[in-house]
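final.txt, holding compact mmCIF, C-alpha atoms and all ligand atoms:
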```txt
# COMPACT_ATOMS: atom_id res chain seq x y z
CA MET Q 14 0.00 0.00 0.00
CA GLN Q 15 1.16 3.55 -0.76
CA PRO Q 16 2.19 5.55 2.32
CA ILE Q 17 0.07 8.54 3.34
CA ARG Q 18 1.90 11.61 2.02
CA LEU Q 19 2.11 14.04 4.89
CA GLY Q 20 2.79 17.76 5.19
CA LEU Q 21 3.52 19.37 8.56
CA VAL Q 22 2.90 22.97 9.55
CA GLY Q 23 4.94 24.56 12.38
CA TYR Q 24 8.35 22.93 12.87
CA GLY Q 25 8.84 24.09 16.47
CA LYS Q 26 9.51 22.28 19.75
CA ILE Q 27 6.84 19.58 19.64
CA ALA Q 28 7.27 18.90 15.93
CA GLN Q 29 11.02 18.41 16.44
CA ASP Q 30 10.77 16.48 19.74
CA GLN Q 31 7.86 14.16 18.89
CA HIS Q 32 6.03 14.48 15.57
CA VAL Q 33 8.87 14.09 13.10
CA PRO Q 34 10.50 11.14 14.96
CA ALA Q 35 7.09 9.40 15.23
CA ILE Q 36 6.32 10.01 11.53
CA LEU Q 37 9.74 8.78 10.41
CA ALA Q 38 9.32 5.62 12.49
CA ASN Q 39 5.93 4.79 10.94
CA PRO Q 40 6.13 3.34 7.40
CA ALA Q 41 2.44 4.15 6.84
CA PHE Q 42 3.46 7.82 6.52
CA GLN Q 43 5.89 9.66 4.29
CA LEU Q 44 6.79 13.18 5.40
CA VAL Q 45 7.11 15.11 2.16
CA SER Q 46 6.92 18.80 3.08
CA VAL Q 47 6.98 21.29 5.94
CA ALA Q 48 5.66 24.84 6.20
CA THR Q 49 7.25 26.77 9.02
CA GLN Q 50 8.45 30.21 9.98
CA GLY Q 51 11.49 29.20 12.02
CA GLN Q 52 14.25 26.63 11.60
CA PRO Q 53 13.67 24.42 8.51
CA CYS Q 54 13.22 20.65 8.71
CA ALA Q 55 16.05 18.62 7.13
CA GLY Q 56 15.33 16.07 4.42
CA VAL Q 57 12.06 17.48 3.06
CA GLU Q 58 10.91 20.49 1.05
CA ASN Q 59 10.33 23.53 3.27
CA PHE Q 60 7.93 26.41 2.64
CA ARG Q 61 7.22 29.67 4.46
CA SER Q 62 3.46 29.15 4.53
CA LEU Q 63 0.79 26.49 4.16
CA GLY Q 64 -0.49 28.36 1.11
CA GLU Q 65 2.88 27.91 -0.63
CA LEU Q 66 3.09 24.27 0.44
CA LEU Q 67 -0.34 23.55 -1.05
CA ALA Q 68 0.22 25.59 -4.20
CA SER Q 69 3.75 24.60 -5.18
CA GLY Q 70 4.82 21.66 -3.02
CA PRO Q 71 4.63 17.94 -3.73
CA GLN Q 72 1.15 16.40 -3.43
CA VAL Q 73 0.08 15.62 0.14
CA ASP Q 74 -2.85 13.56 1.45
CA ALA Q 75 -2.79 14.82 5.02
CA ILE Q 76 -1.41 17.67 7.12
CA ALA Q 77 -0.27 17.74 10.75
CA PHE Q 78 -0.65 21.09 12.54
CA CYS Q 79 1.97 21.93 15.18
CA THR Q 80 1.68 25.73 15.25
CA PRO Q 81 0.49 27.58 18.37
CA PRO Q 82 -3.32 27.51 18.81
CA GLN Q 83 -3.77 31.17 17.87
CA GLY Q 84 -4.15 31.39 14.11
CA ARG Q 85 -4.46 27.64 13.67
CA PHE Q 86 -8.16 27.79 12.76
CA ALA Q 87 -7.57 29.56 9.42
CA LEU Q 88 -4.73 27.16 8.59
CA VAL Q 89 -6.76 24.02 9.27
CA GLN Q 90 -9.71 25.48 7.33
CA GLU Q 91 -7.39 26.03 4.38
CA ALA Q 92 -6.18 22.41 4.49
CA LEU Q 93 -9.71 21.04 4.80
CA ALA Q 94 -10.89 23.18 1.90
CA ALA Q 95 -8.08 21.60 -0.15
CA GLY Q 96 -9.46 18.14 0.76
CA LYS Q 97 -6.65 17.09 3.13
CA HIS Q 98 -6.98 14.89 6.21
CA VAL Q 99 -5.91 16.85 9.30
CA LEU Q 100 -4.14 16.03 12.55
CA VAL Q 101 -4.37 18.98 14.94
CA GLU Q 102 -2.16 19.36 18.05
CA LYS Q 103 -3.80 20.23 21.33
CA PRO Q 104 -5.45 22.60 22.13
CA PRO Q 105 -7.13 22.39 18.72
CA CYS Q 106 -7.97 26.10 18.43
CA ALA Q 107 -7.98 29.35 20.35
CA THR Q 108 -11.76 29.19 20.89
CA LEU Q 109 -14.41 26.52 21.24
CA GLY Q 110 -16.39 28.02 18.35
CA GLU Q 111 -13.43 27.59 16.01
CA ALA Q 112 -12.95 23.97 17.08
CA MET Q 113 -16.66 23.24 16.57
CA ALA Q 114 -16.49 24.74 13.09
CA LEU Q 115 -13.55 22.47 12.23
CA VAL Q 116 -15.52 19.40 13.30
CA GLN Q 117 -18.33 20.41 10.97
CA GLN Q 118 -16.05 21.32 8.05
CA THR Q 119 -14.20 18.00 8.38
CA ARG Q 120 -17.51 16.15 8.19
CA GLU Q 121 -18.68 18.18 5.19
CA GLN Q 122 -15.42 17.62 3.33
CA GLY Q 123 -15.60 13.85 3.89
CA VAL Q 124 -11.99 13.69 5.12
CA SER Q 125 -10.54 12.41 8.42
CA GLY Q 126 -9.75 14.69 11.35
CA LEU Q 127 -7.94 14.01 14.59
CA PHE Q 128 -7.74 16.39 17.54
CA ALA Q 129 -4.58 14.87 18.96
CA TRP Q 130 -5.03 14.76 22.74
CA HIS Q 131 -1.60 13.20 23.07
CA SER Q 132 -1.81 12.44 26.79
CA ARG Q 133 -4.68 10.03 26.12
CA TYR Q 134 -2.13 7.80 24.41
CA ALA Q 135 0.22 7.61 27.41
CA PRO Q 136 1.08 3.96 28.17
CA GLY Q 137 -1.03 3.57 31.34
CA ILE Q 138 -4.26 5.11 30.07
CA GLU Q 139 -5.92 2.17 28.34
CA ALA Q 140 -5.29 -0.19 31.27
CA ALA Q 141 -6.61 2.48 33.66
CA ARG Q 142 -9.74 2.88 31.58
CA GLN Q 143 -10.40 -0.84 31.60
CA TRP Q 144 -9.90 -1.12 35.37
CA LEU Q 145 -12.15 1.85 36.09
CA ALA Q 146 -14.98 0.65 33.84
CA THR Q 147 -16.34 -1.71 36.51
CA ARG Q 148 -15.49 0.32 39.63
CA THR Q 149 -17.55 2.68 41.82
CA LEU Q 150 -15.97 6.12 41.58
CA GLN Q 151 -15.65 8.24 44.74
CA SER Q 152 -13.31 11.17 43.99
CA VAL Q 153 -10.62 12.40 41.62
CA GLN Q 154 -7.55 14.51 42.44
CA ILE Q 155 -5.45 15.93 39.59
CA ASP Q 156 -2.05 17.54 40.20
CA TRP Q 157 -0.45 18.81 36.99
CA LYS Q 158 2.61 20.91 37.66
CA GLU Q 159 5.66 21.70 35.55
CA ASP Q 160 8.15 24.42 34.70
CA VAL Q 161 7.02 26.51 31.73
CA ARG Q 162 10.66 27.52 31.14
CA LYS Q 163 11.56 23.87 30.50
CA TRP Q 164 8.62 22.87 28.28
CA HIS Q 165 7.90 26.16 26.53
CA PRO Q 166 11.18 28.10 26.51
CA GLY Q 167 10.76 31.63 25.17
CA GLN Q 168 7.24 30.95 23.83
CA ALA Q 169 5.54 34.35 24.18
CA TRP Q 170 2.33 33.01 22.56
CA ILE Q 171 1.52 30.93 25.62
CA TRP Q 172 0.95 34.07 27.74
CA GLN Q 173 -1.05 35.94 25.11
CA PRO Q 174 -4.85 35.73 24.67
CA GLY Q 175 -5.74 32.29 23.31
CA GLY Q 176 -2.44 30.87 24.57
CA LEU Q 177 -4.04 29.29 27.66
CA GLY Q 178 -1.08 29.71 30.07
CA VAL Q 179 -1.10 26.83 32.55
CA PHE Q 180 -4.11 25.31 30.80
CA ASP Q 181 -1.79 24.42 27.91
CA PRO Q 182 -0.41 21.50 29.98
CA GLY Q 183 -3.54 21.38 32.19
CA ILE Q 184 -5.67 20.47 29.20
CA ASN Q 185 -3.62 17.28 28.96
CA ALA Q 186 -4.85 16.23 32.40
CA LEU Q 187 -8.39 17.20 31.42
CA SER Q 188 -8.07 15.14 28.25
CA ILE Q 189 -7.13 12.09 30.35
CA ALA Q 190 -9.86 12.66 32.94
CA THR Q 191 -12.56 13.04 30.28
CA HIS Q 192 -11.31 9.89 28.57
CA LEU Q 193 -11.35 7.83 31.78
CA LEU Q 194 -14.55 9.02 33.41
CA PRO Q 195 -17.87 7.78 32.07
CA LEU Q 196 -19.96 10.98 32.25
CA PRO Q 197 -19.40 14.55 31.00
CA LEU Q 198 -17.64 16.84 33.48
CA PHE Q 199 -18.70 20.32 34.57
CA VAL Q 200 -16.65 23.11 36.11
CA ALA Q 201 -18.23 24.26 39.38
CA SER Q 202 -15.63 26.90 40.23
CA ALA Q 203 -12.11 27.93 39.34
CA GLU Q 204 -9.44 30.29 40.60
CA LEU Q 205 -7.12 31.56 37.88
CA ARG Q 206 -3.86 33.13 39.06
CA VAL Q 207 -2.64 35.50 36.36
CA PRO Q 208 0.79 37.22 36.43
CA ASP Q 209 0.19 40.94 36.19
CA ASN Q 210 2.29 41.19 33.01
CA CYS Q 211 0.48 38.30 31.26
CA GLN Q 212 -2.95 37.57 29.81
CA SER Q 213 -3.12 33.89 30.78
CA PRO Q 214 -2.95 32.11 34.15
CA ILE Q 215 0.26 30.67 35.55
CA ALA Q 216 -1.66 28.54 38.07
CA ALA Q 217 -5.25 27.42 38.56
CA SER Q 218 -7.42 25.47 41.00
CA LEU Q 219 -10.57 23.83 39.65
CA LYS Q 220 -13.55 22.16 41.27
CA MET Q 221 -15.46 19.95 38.86
CA ALA Q 222 -18.24 17.37 39.05
CA ASP Q 223 -20.25 15.04 36.86
CA ALA Q 224 -24.01 14.57 36.89
CA ARG Q 225 -23.63 12.07 39.76
CA HIS Q 226 -21.77 14.68 41.86
CA LEU Q 227 -18.40 12.95 41.58
CA ASP Q 228 -15.94 15.30 43.28
CA ILE Q 229 -13.08 16.19 40.90
CA ARG Q 230 -10.34 18.64 41.91
CA ALA Q 231 -7.43 19.89 39.86
CA GLU Q 232 -4.35 21.89 40.76
CA PHE Q 233 -2.36 23.31 37.84
CA ASP Q 234 0.99 25.08 38.26
CA PHE Q 235 3.32 26.30 35.51
CA ASP Q 236 6.12 27.51 37.84
CA HIS Q 237 6.78 24.27 39.65
CA GLY Q 238 10.53 23.76 39.45
CA HIS Q 239 12.52 21.29 37.37
CA ASP Q 240 10.84 17.99 38.29
CA GLU Q 241 7.34 17.85 36.93
CA LEU Q 242 4.40 16.38 38.84
CA TRP Q 243 1.82 14.99 36.44
CA GLY Q 244 -0.46 12.81 38.57
CA ILE Q 245 -4.09 11.76 38.73
CA GLU Q 246 -5.51 9.79 41.67
CA ILE Q 247 -8.92 8.21 41.37
CA ARG Q 248 -10.48 6.83 44.56
CA CYS Q 249 -13.01 4.05 44.11
CA ALA Q 250 -14.96 1.90 46.56
CA GLU Q 251 -12.76 -1.03 45.44
CA GLY Q 252 -9.35 0.67 45.62
CA VAL Q 253 -7.20 3.61 44.55
CA LEU Q 254 -5.89 4.04 41.01
CA ARG Q 255 -2.94 6.37 40.37
CA LEU Q 256 -1.47 7.62 37.12
CA ASP Q 257 1.94 9.28 37.35
CA ASN Q 258 4.44 10.73 34.88
CA GLY Q 259 1.57 12.00 32.74
CA GLY Q 260 0.00 8.54 32.46
CA ALA Q 261 3.19 6.60 31.76
CA LEU Q 262 2.94 4.86 35.16
CA LEU Q 263 -0.14 3.13 36.53
CA SER Q 264 -0.57 1.78 40.04
CA ILE Q 265 -3.52 0.29 41.86
CA ASP Q 266 -3.47 0.32 45.66
CA GLY Q 267 0.21 1.22 45.44
CA VAL Q 268 1.12 -1.74 43.20
CA ARG Q 269 2.72 -0.85 39.86
CA GLN Q 270 0.83 -2.36 36.88
CA ALA Q 271 2.29 -3.59 33.58
CA VAL Q 272 1.42 -1.19 30.77
CA SER Q 273 1.97 -0.76 27.03
CA GLU Q 274 5.45 0.32 25.94
CA GLU Q 275 4.35 2.40 22.95
CA GLY Q 276 5.12 6.13 23.15
CA GLU Q 277 2.33 8.72 23.01
CA TYR Q 278 3.09 10.05 19.53
CA ALA Q 279 3.66 6.62 17.97
CA ALA Q 280 0.14 5.78 19.13
CA VAL Q 281 -1.24 9.15 17.94
CA TYR Q 282 0.01 8.51 14.39
CA ARG Q 283 -1.15 4.87 14.43
CA HIS Q 284 -4.61 6.15 15.36
CA PHE Q 285 -4.53 8.79 12.61
CA GLN Q 286 -3.56 6.12 10.07
CA GLN Q 287 -6.51 3.96 11.19
CA LEU Q 288 -8.96 6.89 11.05
CA ILE Q 289 -7.93 7.59 7.44
CA ALA Q 290 -8.30 3.90 6.55
CA ASP Q 291 -11.76 3.82 8.18
CA LYS Q 292 -12.84 7.19 6.68
CA ALA Q 293 -13.55 8.28 10.28
CA SER Q 294 -12.70 11.20 12.58
CA ASP Q 295 -11.93 11.65 16.28
CA MET Q 296 -12.36 15.30 17.25
CA ASP Q 297 -13.41 15.40 20.89
CA LEU Q 298 -14.21 18.89 22.16
CA GLN Q 299 -14.68 18.15 25.85
CA PRO Q 300 -11.18 19.09 27.14
CA LEU Q 301 -11.35 22.46 25.37
CA ARG Q 302 -14.91 23.02 26.65
CA LEU Q 303 -13.70 22.49 30.24
CA VAL Q 304 -10.99 25.11 29.72
CA ALA Q 305 -13.51 27.54 28.22
CA ASP Q 306 -15.87 26.89 31.16
CA SER Q 307 -13.03 27.51 33.63
CA PHE Q 308 -12.51 30.92 32.05
CA PHE Q 309 -16.30 31.55 32.19
CA VAL Q 310 -16.75 30.81 35.90
CA GLY Q 311 -13.18 31.40 37.09
CA SER Q 312 -12.28 34.23 39.41
CA ARG Q 313 -9.05 35.97 38.39
CA ARG Q 314 -6.37 36.79 40.93
CA LEU Q 315 -3.39 38.89 39.89
CA VAL Q 316 -0.05 37.48 41.04
CA ALA Q 317 3.62 38.48 40.70
CA PRO Q 318 4.84 39.18 37.14
CA PHE Q 319 6.38 36.30 35.20
CA TYR Q 320 9.76 36.55 33.46
CA ASP Q 321 11.07 33.76 31.21
N1 LIG T 1 6.19 22.28 23.93
C1 LIG T 1 5.70 21.08 24.20
O1 LIG T 1 6.30 20.30 24.95
C2 LIG T 1 4.39 20.62 23.62
C3 LIG T 1 3.60 21.43 22.83
N2 LIG T 1 2.40 20.96 22.33
C4 LIG T 1 1.52 21.82 21.54
O2 LIG T 1 2.07 22.00 20.26
C5 LIG T 1 1.75 23.30 19.77
C6 LIG T 1 3.04 24.01 19.40
O3 LIG T 1 3.84 24.07 20.54
P1 LIG T 1 5.43 24.20 20.44
O4 LIG T 1 5.97 23.31 19.41
O5 LIG T 1 5.91 24.04 21.82
O6 LIG T 1 5.55 25.72 19.96
P2 LIG T 1 6.76 26.44 19.23
O7 LIG T 1 6.54 27.89 19.42
O8 LIG T 1 8.05 25.84 19.65
O9 LIG T 1 6.57 26.04 17.70
C7 LIG T 1 5.59 26.60 16.87
C8 LIG T 1 6.15 26.62 15.45
O10 LIG T 1 5.11 27.04 14.57
C9 LIG T 1 5.67 27.93 13.61
N3 LIG T 1 4.58 28.75 13.08
C10 LIG T 1 3.81 29.65 13.75
N4 LIG T 1 2.87 30.15 12.93
C11 LIG T 1 3.04 29.55 11.73
C12 LIG T 1 2.37 29.64 10.47
N5 LIG T 1 1.31 30.44 10.30
N6 LIG T 1 2.82 28.88 9.46
C13 LIG T 1 3.87 28.05 9.61
N7 LIG T 1 4.55 27.91 10.80
C14 LIG T 1 4.12 28.67 11.82
C15 LIG T 1 6.73 28.70 14.36
O11 LIG T 1 7.68 29.22 13.47
C16 LIG T 1 7.30 27.59 15.25
O12 LIG T 1 8.33 26.91 14.57
C17 LIG T 1 0.96 23.99 20.88
O13 LIG T 1 -0.40 23.87 20.61
C18 LIG T 1 1.34 23.20 22.13
O14 LIG T 1 0.29 23.20 23.09
C19 LIG T 1 2.03 19.66 22.53
C20 LIG T 1 2.78 18.83 23.27
C21 LIG T 1 3.98 19.25 23.95
O1 LIG T 2 1.20 19.36 25.72
C1 LIG T 2 2.08 19.50 26.53
O2 LIG T 2 2.73 18.47 27.07
C2 LIG T 2 3.61 18.98 28.06
C3 LIG T 2 4.81 18.13 28.09
O3 LIG T 2 5.28 17.93 26.80
C4 LIG T 2 4.55 16.74 28.69
O4 LIG T 2 3.76 15.93 27.92
C5 LIG T 2 3.79 20.43 27.70
O5 LIG T 2 3.95 21.26 28.75
C6 LIG T 2 2.51 20.77 27.04
O6 LIG T 2 2.57 21.76 26.07
```

Translate the structure of the given file into C-alpha cells.
Amino acid sequence: MQPIRLGLVGYGKIAQDQHVPAILANPAFQLVSVATQGQPCAGVENFRSLGELLASGPQVDAIAFCTPPQGRFALVQEALAAGKHVLVEKPPCATLGEAMALVQQTREQGVSGLFAWHSRYAPGIEAARQWLATRTLQSVQIDWKEDVRKWHPGQAWIWQPGGLGVFDPGINALSIATHLLPLPLFVASAELRVPDNCQSPIAASLKMADARHLDIRAEFDFDHGHDELWGIEIRCAEGVLRLDNGGALLSIDGVRQAVSEEGEYAAVYRHFQQLIADKASDMDLQPLRLVADSFFVGSRRLVAPFYD
C-alpha cells in the first residue's frame, strides 16, 4: 500500500521532539513537506506558509498542525478546503467556536480529522480505563505541575490571549480525565492566578463534578521547578488508582501495573492512520470546553509578574 503523504505545519519544539520522529518511524506515513516560519526541517521540502506548500509543493494527502493555537483555525480550514486529512495538536484552536467549526467542516469535506489529545495515548491510560470501567468512583484529584521555562522556553504566545497559560499542559490532564470518566464533566468553580504582566494564568485550582456529583479537583501550576508532577488519583470503593508521569505509570493500591510500551506520539500517528483507513474522525471537544468553562466561571487573581 502507498504511504500517506504528509505535510507538517509549524516545525517548532513539539514537531522536532515528537512528531517528526514518530512520523519517520511509521512506514504508513511519508513526510514530504513542511511549512514553518522558524528553523527548517532537514530532508524534506520547506515552505514559508501552508499556502505555498499547497500551491507549489509535492502532493500531500494529510497535514499535521503543530503551530500555536492562535491562528491555527484559518490554517486548518485552508487544508480542509483543499481536501486534506488533518491532525491537529492540542489545544485544537484558540476558541471553542473555532474547534466546533472544524468538526463540521471536516464532516462536510468527507476527510478524516484528529484532535490529537496526546496524553490520552500515554502507556497507562488504556489499562486504567479498563480497570475503572467496573469500579464505583468516589473522587478524583489531579495535580499537573511543571516548569514553563523547561517545556515552553521563550514561547511568548503561551501568555497571550488564546495561549491558555497553565491550561496548555492542564488540558492534557483534562483530556485524560474526560477519557477515563464515564460521564461529561462540569466546572463548578475555578481560581485563575494571572501574572500581572500576562494575559493567561500561571496557576489554577478547579472544582469539577459530573451529573452524579463525583468530586473532581485539579491543581495546575506552571512555575513548579525542574521535576514535573503529572499525577491523577482516582479513589473508588474497590481501591485507589494512580497515574503518574503523565499517564506513563499506573498503580492500583500502590502496586505498579504492567502497561503498554508504545510512546504517546507513535500511538497518535497509528490512530490517525486507522482513522484515514476507516474514513472516520476523532475530534473530541470536551477538554477544550472544560478550559472555556473555567474561564467563564473562574475568578481571576493577579499574582507576581512572570519573566522567562
Ligand atoms: N512544547 C511542548 O512540549 C508541547 C507542545 N504541544 C503543543 O504544540 C503546539 C506548538 O507548541 P510548540 O511546538 O511548543 O511551539 P513552538 O513555538 O516551539 O513552535 C511553533 C512553530 O510554529 C511555527 N509557526 C507559527 N505560525 C506559523 C504559520 N502560520 N505557518 C507556519 N509555521 C508557523 C513557528 O515558526 C514555530 O516553529 C501547541 O499547541 C502546544 O500546546 C504539545 C505537546 C507538547
Ligand atoms: O502538551 C504539553 O505536554 C507537556 C509536556 O510535553 C509533557 O507531555 C507540555 O507542557 C505541554 O505543552

| task | Please extract the residues at most 7 Å from ligand LIG 2 (chain T), counting all atoms listed in the file, and provide them as JSON, numbers by chain, using the chain letters and residue numbers of this document. | result | {"Q": [103, 132, 161, 164, 165, 181, 182, 185, 259]}

| message | Using all atoms listed in the file and a cutoff of 10 Å, can you tell me which residues are near (2.6, 27.6, 33.9) in the file's coordinates, and write them out as a PyMOL selection string? | response | chain Q and resi 157-162+164-165+171-172+177-183+206-207+213-217+233-237+319

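Inspection of the environment of ligand LIG 1 (chain T), which uses only C-alpha atoms and all ligand atoms and a cut-off of 6 Å, identifies the neighbouring residues as Val22, Gly23, Tyr24, Gly25, Lys26, Ile27, Ala28, Ala48, Thr49, Gln50, Gly51, Ser62, Cys79, Thr80, Pro81, Pro82, Glu102, Lys103, Pro104, Trp164, His165, Gln168 and Asp181 of chain Q.
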
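Proximity ranking of Q:Arg148, Q:His32, Q:Lys163, Q:His226 relative to Gly238 of chain Q places Q:Lys163 first, based on all atoms listed in the file.
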
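Compared by their closest atoms to Arg61 of chain Q, and using all atoms listed in the file, the residues Q:Ile245, Q:Leu21, Q:Thr147, Q:Lys97 rank with Q:Leu21 nearest.
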
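Neighbouring residues of segment 201-203 of chain Q at 9 Å or closer, counting all atoms listed in the file and skipping chain neighbours under 4 positions away, are Ala217, Ser218, Leu219, Lys220, Met221, Ala222, Asp306, Ser307, Phe308, Val310, Gly311, Ser312 and Arg313 of chain Q.
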
Using all atoms of segment 78-86 of chain Q that appear in the file, construct an axis-aligned enclosing box with 4 Å of padding on every side and provide its centre coordinates and edge lengths in Å, rounded to one decimal, as JSON.
```
{"center_x": -3.1, "center_y": 26.2, "center_z": 15.7, "size_x": 18.1, "size_y": 18.3, "size_z": 14.3}
```

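Look at segment 247-251 of chain Q: the protein and nucleic acid residues within 8 Å of it, using only C-alpha atoms and passing over chain neighbours fewer than 3 places away, are Q:Arg148, Q:Thr149, Q:Leu150, Q:Gln151, Q:Ser152, Q:Val153, Q:Gln154, Q:Leu254, Q:Arg255.
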
| Gap from atom CA of Tyr278 of chain Q to atom CA of Gly20 of chain Q - Å, one decimal | 16.3 Å

| query | Which is closest to Leu205 of chain Q among Q:Trp144, Q:Tyr134, Q:Tyr282, Q:Phe309, if we use only C-alpha atoms? | reply | Q:Phe309
